[in-house]
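> Sharing my_file.cif here; it has mmCIF, C-alpha atoms.
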```
data_input
#
loop_
_atom_site.label_atom_id
_atom_site.label_comp_id
_atom_site.auth_asym_id
_atom_site.auth_seq_id
_atom_site.Cartn_x
_atom_site.Cartn_y
_atom_site.Cartn_z
CA MET B 1 11.13 -52.83 -13.60
CA PRO B 2 14.39 -54.73 -13.01
CA GLU B 3 14.11 -57.64 -10.61
CA GLU B 4 16.73 -56.15 -8.29
CA GLY B 5 14.89 -52.81 -8.12
CA ILE B 6 16.38 -49.40 -8.82
CA HIS B 7 19.19 -47.40 -7.25
CA GLN B 8 17.83 -44.82 -4.82
CA ILE B 9 19.43 -41.38 -4.53
CA PRO B 10 19.25 -38.89 -1.64
CA HIS B 11 16.46 -36.33 -1.78
CA THR B 12 19.07 -33.59 -1.69
CA GLU B 13 20.31 -34.67 -5.13
CA ILE B 14 17.03 -33.96 -6.89
CA LEU B 15 15.74 -30.54 -7.83
CA THR B 16 13.47 -28.74 -5.41
CA TYR B 17 10.13 -27.53 -6.72
CA ASP B 18 11.41 -23.95 -6.54
CA GLU B 19 14.36 -24.94 -8.74
CA ILE B 20 12.08 -26.70 -11.24
CA LEU B 21 9.81 -23.67 -11.43
CA ARG B 22 12.74 -21.32 -11.95
CA ILE B 23 14.05 -23.43 -14.83
CA CYS B 24 10.59 -23.59 -16.38
CA ARG B 25 10.13 -19.83 -16.14
CA CYS B 26 13.39 -19.31 -18.01
CA ALA B 27 12.45 -21.97 -20.58
CA ALA B 28 9.11 -20.24 -21.17
CA LYS B 29 10.93 -17.02 -21.98
CA LEU B 30 12.73 -18.94 -24.75
CA GLY B 31 9.46 -20.13 -26.28
CA ILE B 32 8.82 -23.43 -24.49
CA ARG B 33 5.02 -23.69 -24.33
CA LYS B 34 4.27 -27.18 -23.05
CA ILE B 35 5.59 -29.13 -20.06
CA LYS B 36 5.21 -32.85 -19.39
CA LEU B 37 5.72 -34.33 -15.93
CA THR B 38 7.14 -37.80 -16.38
CA GLY B 39 9.72 -40.11 -14.87
CA GLY B 40 10.12 -42.66 -13.43
CA GLU B 41 6.81 -42.15 -11.71
CA PRO B 42 5.99 -38.49 -11.00
CA LEU B 43 3.08 -39.21 -8.63
CA VAL B 44 5.34 -40.75 -5.99
CA ARG B 45 6.69 -37.28 -5.31
CA LYS B 46 4.72 -35.40 -2.68
CA ASP B 47 2.49 -32.52 -3.88
CA CYS B 48 2.78 -33.24 -7.60
CA ALA B 49 -0.60 -31.54 -8.08
CA TRP B 50 0.76 -28.39 -6.40
CA LEU B 51 3.67 -28.33 -8.85
CA THR B 52 1.20 -28.77 -11.71
CA GLY B 53 -0.79 -25.75 -10.55
CA MET B 54 2.31 -23.60 -10.19
CA LEU B 55 3.55 -24.56 -13.67
CA LYS B 56 0.18 -23.54 -15.08
CA THR B 57 0.66 -20.02 -13.67
CA ILE B 58 3.90 -19.42 -15.60
CA SER B 59 3.44 -16.83 -18.33
CA GLY B 60 3.70 -18.52 -21.74
CA ILE B 61 3.00 -22.07 -20.59
CA GLU B 62 -0.07 -23.32 -22.47
CA LYS B 63 -0.30 -26.94 -21.35
CA VAL B 64 0.95 -29.14 -18.52
CA THR B 65 0.54 -32.88 -19.00
CA LEU B 66 1.43 -36.03 -17.09
CA THR B 67 2.76 -39.49 -17.91
CA THR B 68 2.13 -42.00 -15.13
CA ASN B 69 2.05 -45.72 -14.50
CA GLY B 70 -1.47 -45.14 -13.19
CA ILE B 71 -1.12 -46.82 -9.81
CA LEU B 72 -1.59 -43.61 -7.80
CA LEU B 73 -3.67 -41.80 -10.41
CA GLY B 74 -7.08 -42.64 -8.98
CA GLU B 75 -6.34 -41.12 -5.59
CA GLN B 76 -4.59 -38.01 -6.95
CA LEU B 77 -6.60 -37.21 -10.07
CA GLY B 78 -9.06 -34.90 -8.32
CA ALA B 79 -6.26 -32.66 -7.08
CA LEU B 80 -4.56 -32.76 -10.48
CA MET B 81 -7.75 -31.69 -12.21
CA GLU B 82 -8.19 -28.82 -9.77
CA ALA B 83 -4.61 -27.80 -10.53
CA GLY B 84 -5.42 -27.67 -14.24
CA ILE B 85 -3.72 -30.75 -15.71
CA ASP B 86 -4.48 -30.85 -19.45
CA ALA B 87 -3.76 -34.45 -20.42
CA VAL B 88 -2.75 -37.78 -18.91
CA ASN B 89 -0.83 -40.62 -20.53
CA ILE B 90 -0.96 -43.96 -18.73
CA SER B 91 1.96 -46.31 -19.34
CA LEU B 92 0.46 -49.79 -19.57
CA ASP B 93 1.93 -52.72 -21.49
CA THR B 94 -0.57 -55.49 -20.79
CA LEU B 95 -4.01 -56.25 -19.36
CA ASP B 96 -2.94 -59.73 -18.23
CA GLU B 97 -2.44 -59.80 -14.45
CA GLU B 98 0.47 -62.25 -14.50
CA LEU B 99 2.29 -60.47 -17.31
CA PHE B 100 1.71 -57.16 -15.55
CA ARG B 101 3.28 -58.62 -12.41
CA GLN B 102 6.31 -59.84 -14.39
CA ILE B 103 6.86 -56.48 -16.08
CA THR B 104 6.25 -54.14 -13.15
CA ARG B 105 7.15 -56.41 -10.17
CA ARG B 106 3.84 -55.24 -8.68
CA ASP B 107 0.39 -56.72 -8.24
CA ASP B 108 -1.40 -53.44 -8.95
CA LEU B 109 -3.15 -53.83 -12.30
CA ASN B 110 -6.47 -53.22 -10.55
CA LYS B 111 -5.22 -49.83 -9.29
CA VAL B 112 -4.14 -48.85 -12.80
CA MET B 113 -7.56 -49.72 -14.14
CA ASP B 114 -9.16 -47.74 -11.32
CA GLY B 115 -7.03 -44.77 -12.36
CA LEU B 116 -8.07 -45.21 -15.99
CA THR B 117 -11.73 -45.33 -14.96
CA ALA B 118 -11.30 -42.19 -12.84
CA ALA B 119 -9.73 -40.34 -15.79
CA LEU B 120 -12.59 -41.34 -18.10
CA ALA B 121 -14.96 -39.54 -15.73
CA TYR B 122 -13.47 -36.23 -16.96
CA PRO B 123 -14.45 -35.91 -20.64
CA GLN B 124 -12.42 -32.70 -20.95
CA LEU B 125 -9.22 -34.60 -20.08
CA SER B 126 -7.19 -35.95 -23.00
CA LEU B 127 -6.38 -39.59 -22.17
CA LYS B 128 -3.89 -41.88 -23.88
CA ILE B 129 -2.42 -45.28 -23.19
CA ASN B 130 1.29 -45.77 -23.90
CA CYS B 131 2.11 -49.40 -24.64
CA VAL B 132 5.70 -50.52 -25.16
CA PRO B 133 5.58 -54.01 -26.72
CA ALA B 134 7.69 -55.75 -24.10
CA VAL B 135 5.33 -58.73 -24.42
CA LYS B 136 5.49 -60.25 -27.92
CA LYS B 137 2.11 -61.94 -27.89
CA LYS B 138 -0.52 -61.25 -30.53
CA GLU B 139 -3.35 -61.48 -28.04
CA ASN B 140 -1.66 -58.83 -25.90
CA PHE B 141 -1.54 -56.33 -28.78
CA VAL B 142 -5.17 -57.08 -29.63
CA ALA B 143 -6.30 -56.62 -26.02
CA MET B 144 -4.41 -53.35 -25.58
CA ALA B 145 -5.79 -51.92 -28.84
CA GLY B 146 -9.24 -52.99 -27.71
CA LEU B 147 -9.17 -50.30 -25.02
CA ALA B 148 -9.58 -47.72 -27.81
CA LYS B 149 -12.63 -49.60 -29.03
CA LYS B 150 -14.22 -49.83 -25.60
CA TYR B 151 -13.35 -46.34 -24.33
CA PRO B 152 -12.90 -42.80 -25.76
CA LEU B 153 -9.11 -42.84 -25.49
CA HIS B 154 -6.14 -43.35 -27.78
CA VAL B 155 -3.78 -46.34 -27.55
CA ARG B 156 -0.23 -45.75 -28.78
CA PHE B 157 2.31 -48.50 -29.42
CA ILE B 158 5.85 -47.25 -28.78
CA GLU B 159 8.80 -49.08 -30.31
CA MET B 160 11.28 -50.23 -27.69
CA MET B 161 14.41 -48.12 -27.95
CA PRO B 162 17.79 -49.75 -27.24
CA ILE B 163 18.48 -47.62 -24.16
CA GLY B 164 19.04 -48.99 -20.66
CA TYR B 165 16.89 -52.06 -19.95
CA GLY B 166 15.37 -51.74 -23.41
CA LYS B 167 18.46 -53.44 -24.82
CA GLN B 168 17.40 -56.69 -23.15
CA PHE B 169 14.08 -57.01 -25.01
CA PRO B 170 13.45 -58.40 -28.53
CA PHE B 171 12.48 -55.65 -30.95
CA GLN B 172 8.89 -55.43 -32.21
CA ASP B 173 8.33 -53.10 -35.14
CA GLU B 174 5.27 -51.06 -36.07
CA GLU B 175 4.36 -52.97 -39.22
CA SER B 176 4.17 -56.35 -37.48
CA ILE B 177 1.89 -54.96 -34.75
CA LYS B 178 -0.29 -53.22 -37.32
CA ALA B 179 -0.70 -56.50 -39.22
CA VAL B 180 -1.88 -58.26 -36.06
CA LEU B 181 -4.38 -55.51 -35.30
CA GLU B 182 -5.79 -55.44 -38.82
CA GLU B 183 -6.28 -59.20 -38.70
CA ALA B 184 -8.27 -58.78 -35.50
CA TYR B 185 -10.15 -55.52 -36.13
CA GLY B 186 -10.10 -54.85 -39.87
CA PRO B 187 -8.46 -52.12 -41.96
CA MET B 188 -6.67 -49.26 -40.25
CA THR B 189 -6.88 -45.91 -42.03
CA LEU B 190 -4.04 -43.43 -41.57
CA ILE B 191 -5.31 -40.01 -40.57
CA ALA B 192 -3.61 -36.62 -40.73
CA GLU B 193 -5.00 -35.39 -37.42
CA ARG B 194 -2.61 -35.12 -34.48
CA PHE B 195 -3.63 -35.67 -30.87
CA GLY B 196 -0.99 -33.96 -28.79
CA ASN B 197 2.43 -32.43 -29.24
CA GLY B 198 4.66 -35.30 -30.32
CA PRO B 199 5.46 -37.27 -33.48
CA CYS B 200 2.85 -40.00 -33.05
CA HIS B 201 0.86 -40.89 -36.18
CA TYR B 202 -2.63 -42.28 -35.82
CA TYR B 203 -5.01 -44.71 -37.50
CA ALA B 204 -8.78 -44.85 -37.41
CA VAL B 205 -10.48 -48.23 -37.06
CA GLU B 206 -14.16 -48.74 -37.76
CA GLY B 207 -16.18 -49.15 -34.58
CA PHE B 208 -13.49 -47.64 -32.33
CA GLN B 209 -14.19 -44.69 -30.05
CA GLY B 210 -10.51 -43.74 -29.98
CA LYS B 211 -7.56 -44.02 -32.34
CA ILE B 212 -4.55 -46.34 -32.58
CA GLY B 213 -1.20 -44.56 -32.68
CA PHE B 214 2.41 -45.51 -33.28
CA ILE B 215 5.55 -43.82 -32.01
CA SER B 216 8.24 -45.54 -34.05
CA ALA B 217 11.56 -43.91 -33.32
CA VAL B 218 13.50 -46.79 -34.86
CA THR B 219 11.63 -47.88 -38.02
CA HIS B 220 10.03 -44.49 -38.77
CA LYS B 221 12.77 -42.14 -37.65
CA PHE B 222 11.21 -38.76 -36.78
CA CYS B 223 14.22 -36.83 -35.46
CA ASN B 224 13.53 -33.96 -37.88
CA GLN B 225 10.20 -33.43 -36.05
CA CYS B 226 11.54 -33.81 -32.48
CA ASN B 227 10.61 -30.75 -30.44
CA ARG B 228 11.65 -31.89 -26.95
CA VAL B 229 14.34 -31.43 -24.38
CA ARG B 230 14.34 -33.40 -21.14
CA LEU B 231 15.14 -32.28 -17.61
CA THR B 232 16.08 -35.10 -15.25
CA ALA B 233 15.06 -35.12 -11.60
CA GLU B 234 18.71 -34.37 -10.80
CA GLY B 235 18.66 -31.24 -12.94
CA TYR B 236 20.46 -32.43 -16.08
CA LEU B 237 19.02 -30.94 -19.27
CA LYS B 238 19.26 -33.26 -22.31
CA GLY B 239 18.68 -32.55 -25.98
CA CYS B 240 18.29 -36.18 -27.10
CA LEU B 241 17.39 -39.47 -25.44
CA GLN B 242 20.34 -41.35 -26.91
CA PHE B 243 23.20 -39.07 -26.00
CA GLN B 244 24.69 -37.96 -22.68
CA GLU B 245 25.34 -34.46 -24.00
CA GLY B 246 23.59 -31.71 -22.09
CA THR B 247 24.03 -29.30 -19.19
CA ASP B 248 23.98 -29.70 -15.40
CA LEU B 249 21.50 -26.99 -14.40
CA ARG B 250 21.46 -28.07 -10.75
CA THR B 251 25.09 -27.08 -10.30
CA LEU B 252 24.40 -23.72 -11.95
CA LEU B 253 21.38 -23.09 -9.74
CA ARG B 254 23.10 -24.02 -6.52
CA GLY B 255 26.16 -22.03 -7.52
CA GLY B 256 24.17 -18.82 -7.48
CA CYS B 257 23.66 -18.22 -11.21
CA THR B 258 21.50 -15.37 -12.46
CA ASP B 259 18.33 -15.96 -14.50
CA GLU B 260 20.21 -14.67 -17.55
CA GLU B 261 22.94 -17.29 -17.07
CA LEU B 262 20.37 -20.03 -16.53
CA THR B 263 18.44 -19.00 -19.65
CA GLU B 264 21.64 -18.98 -21.71
CA ALA B 265 22.51 -22.51 -20.51
CA ILE B 266 19.07 -23.77 -21.54
CA LYS B 267 19.36 -22.05 -24.90
CA LYS B 268 22.73 -23.70 -25.54
CA VAL B 269 21.27 -27.19 -25.05
CA ILE B 270 18.45 -26.41 -27.47
CA TRP B 271 20.75 -24.97 -30.13
CA ASN B 272 23.13 -27.94 -29.79
CA LYS B 273 20.35 -30.53 -29.99
CA PRO B 274 21.71 -33.49 -32.03
CA VAL B 275 20.47 -33.81 -35.60
CA SER B 276 19.33 -37.39 -34.99
CA HIS B 277 19.85 -40.57 -33.03
CA ASN B 278 21.89 -43.46 -34.45
CA PHE B 279 20.71 -46.40 -32.34
CA TYR B 280 22.09 -49.08 -34.63
CA GLU B 281 25.35 -47.50 -35.65
CA ALA B 282 28.70 -47.90 -33.89
CA LYS B 283 28.49 -46.95 -30.23
CA THR B 284 30.43 -43.99 -28.91
CA GLU B 285 31.45 -42.72 -25.50
CA GLN B 286 28.71 -40.11 -25.85
CA ASP B 287 25.90 -42.67 -25.79
CA GLU B 288 23.53 -42.41 -22.83
CA VAL B 289 24.33 -44.67 -19.87
CA ARG B 290 21.30 -43.77 -17.74
CA VAL B 291 18.17 -45.94 -17.90
CA MET B 292 14.91 -44.62 -19.34
CA SER B 293 13.34 -44.08 -15.91
CA GLN B 294 16.09 -41.56 -15.16
CA ILE B 295 15.74 -39.50 -18.34
CA GLY B 296 12.01 -39.11 -18.86
CA GLY B 297 11.73 -41.71 -21.59
#
```
In structure tokens, write the structure found in this file.


Amino acid sequence: MPEEGIHQIPHTEILTYDEILRICRCAAKLGIRKIKLTGGEPLVRKDCAWLTGMLKTISGIEKVTLTTNGILLGEQLGALMEAGIDAVNISLDTLDEELFRQITRRDDLNKVMDGLTAALAYPQLSLKINCVPAVKKKENFVAMAGLAKKYPLHVRFIEMMPIGYGKQFPFQDEESIKAVLEEAYGPMTLIAERFGNGPCHYYAVEGFQGKIGFISAVTHKFCNQCNRVRLTAEGYLKGCLQFQEGTDLRTLLRGGCTDEELTEAIKKVIWNKPVSHNFYEAKTEQDEVRVMSQIGG
């Protein structure tokens, strides 16, 4: 979280739940089967569990999942489970209270851990920890990975992408983190099994209840496997994290478009999805200018 905070926008500029549901119904007709609620922080929006339940009723939608910073998870998890949430990813970069305070500008690590504990009480809920290595300390990587040893959950290390505030952090690659973890915990064995819908690859470690995963968009480019489009809170549909290219669905919706026109606009973004990112090539005017919290990173 930047020290100066984030720019707030009027509530009227974000999609209503009815607008989100209409977009998702059209997307489902095109073959979209899974929806992830992310952000920013989705649980700060009132009645997120209600939206989850409504998304689950859409014909064709098989799974609805959530990525959260975990602070409000403990108090909302019961309602989310009743609504049918299928999986929860908790974004957590450190277990050190002072480092957590520096990264998040909040003193709420205890609330995150309460949310994690609450999620573990539901064995049917798929639970993962997303760790972006913003803190380049060996002991931090070891501690984070240790959660998968202590609990039946998966810990994924996600390479920092040079988008928004991510440009300000030193890069930490997968191989260097893996070397630290093997020194601490022993050999890591690559497994073929997937746990979820994305491109993460996983390792088994002896004595661990969960697995260690890596999402390495930079050093292990997986654009040929990317199966996602992103809808911002303001209604902009994007085909790729790096590029601005996409379609303003909010304007279409509020201009009185038909479902057929809305579906065609969604289809166009999918068909025009970029072949790949080029993070370290020459920058262009098409590169994304929003920060990750605005585009569902």

> From the list B:Leu51, B:Val112, B:Leu99, B:Leu30, which residue is nearest B:Leu73 when using all atoms listed in the file?

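Closest to B:Leu73, using all atoms listed in the file: B:Val112.
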
> Between atom CA of B:Asp259 and atom CA of B:Val64, measure the distance and give it in Å to one decimal.

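Here the two named atoms are 22.2 Å from each other.
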
> Please evaluate the PyMOL selection byres ((chain B and resi 129) around 12) against the displayed coordinates and give the resulting residues as number ranges by chain.

B: 66-70, 87-95, 112-113, 115-116, 119, 126-128, 130-132, 144-148, 151-158, 210-215

> Atoms to include: C-alpha atoms. Write the selected residues as a tab-separated table (two decimals), in the frame of the given file.


```tsv
chain	number	residue	atom	x	y	z
B	66	LEU	CA	1.43	-36.03	-17.09
B	67	THR	CA	2.76	-39.49	-17.91
B	68	THR	CA	2.13	-42.00	-15.13
B	69	ASN	CA	2.05	-45.72	-14.50
B	70	GLY	CA	-1.47	-45.14	-13.19
B	87	ALA	CA	-3.76	-34.45	-20.42
B	88	VAL	CA	-2.75	-37.78	-18.91
B	89	ASN	CA	-0.83	-40.62	-20.53
B	90	ILE	CA	-0.96	-43.96	-18.73
B	91	SER	CA	1.96	-46.31	-19.34
B	92	LEU	CA	0.46	-49.79	-19.57
B	93	ASP	CA	1.93	-52.72	-21.49
B	94	THR	CA	-0.57	-55.49	-20.79
B	95	LEU	CA	-4.01	-56.25	-19.36
B	112	VAL	CA	-4.14	-48.85	-12.80
B	113	MET	CA	-7.56	-49.72	-14.14
B	115	GLY	CA	-7.03	-44.77	-12.36
B	116	LEU	CA	-8.07	-45.21	-15.99
B	119	ALA	CA	-9.73	-40.34	-15.79
B	126	SER	CA	-7.19	-35.95	-23.00
B	127	LEU	CA	-6.38	-39.59	-22.17
B	128	LYS	CA	-3.89	-41.88	-23.88
B	130	ASN	CA	1.29	-45.77	-23.90
B	131	CYS	CA	2.11	-49.40	-24.64
B	132	VAL	CA	5.70	-50.52	-25.16
B	144	MET	CA	-4.41	-53.35	-25.58
B	145	ALA	CA	-5.79	-51.92	-28.84
B	146	GLY	CA	-9.24	-52.99	-27.71
B	147	LEU	CA	-9.17	-50.30	-25.02
B	148	ALA	CA	-9.58	-47.72	-27.81
B	151	TYR	CA	-13.35	-46.34	-24.33
B	152	PRO	CA	-12.90	-42.80	-25.76
B	153	LEU	CA	-9.11	-42.84	-25.49
B	154	HIS	CA	-6.14	-43.35	-27.78
B	155	VAL	CA	-3.78	-46.34	-27.55
B	156	ARG	CA	-0.23	-45.75	-28.78
B	157	PHE	CA	2.31	-48.50	-29.42
B	158	ILE	CA	5.85	-47.25	-28.78
B	210	GLY	CA	-10.51	-43.74	-29.98
B	211	LYS	CA	-7.56	-44.02	-32.34
B	212	ILE	CA	-4.55	-46.34	-32.58
B	213	GLY	CA	-1.20	-44.56	-32.68
B	214	PHE	CA	2.41	-45.51	-33.28
B	215	ILE	CA	5.55	-43.82	-32.01
```

> Quick one: what's the axis-aligned box for stretch 109-119 of chain B, all listed atoms, 6 Å on every side, centre and edges in Å to one decimal, as JSON?


```
{"center_x": -7.4, "center_y": -47.1, "center_z": -12.6, "size_x": 20.6, "size_y": 25.5, "size_z": 18.7}
```

> Quick one: everything within 12 Å of stretch 36-40 of chain B, counting all atoms listed in the file, minus sequence neighbours fewer than 3 positions away in the same chain. Send it as a ChimeraX atom specification.

/B:1,6-8,20,24,32-33,43-45,48-49,51-52,55-56,61-70,80,85-91,196-198,228-234,291-297
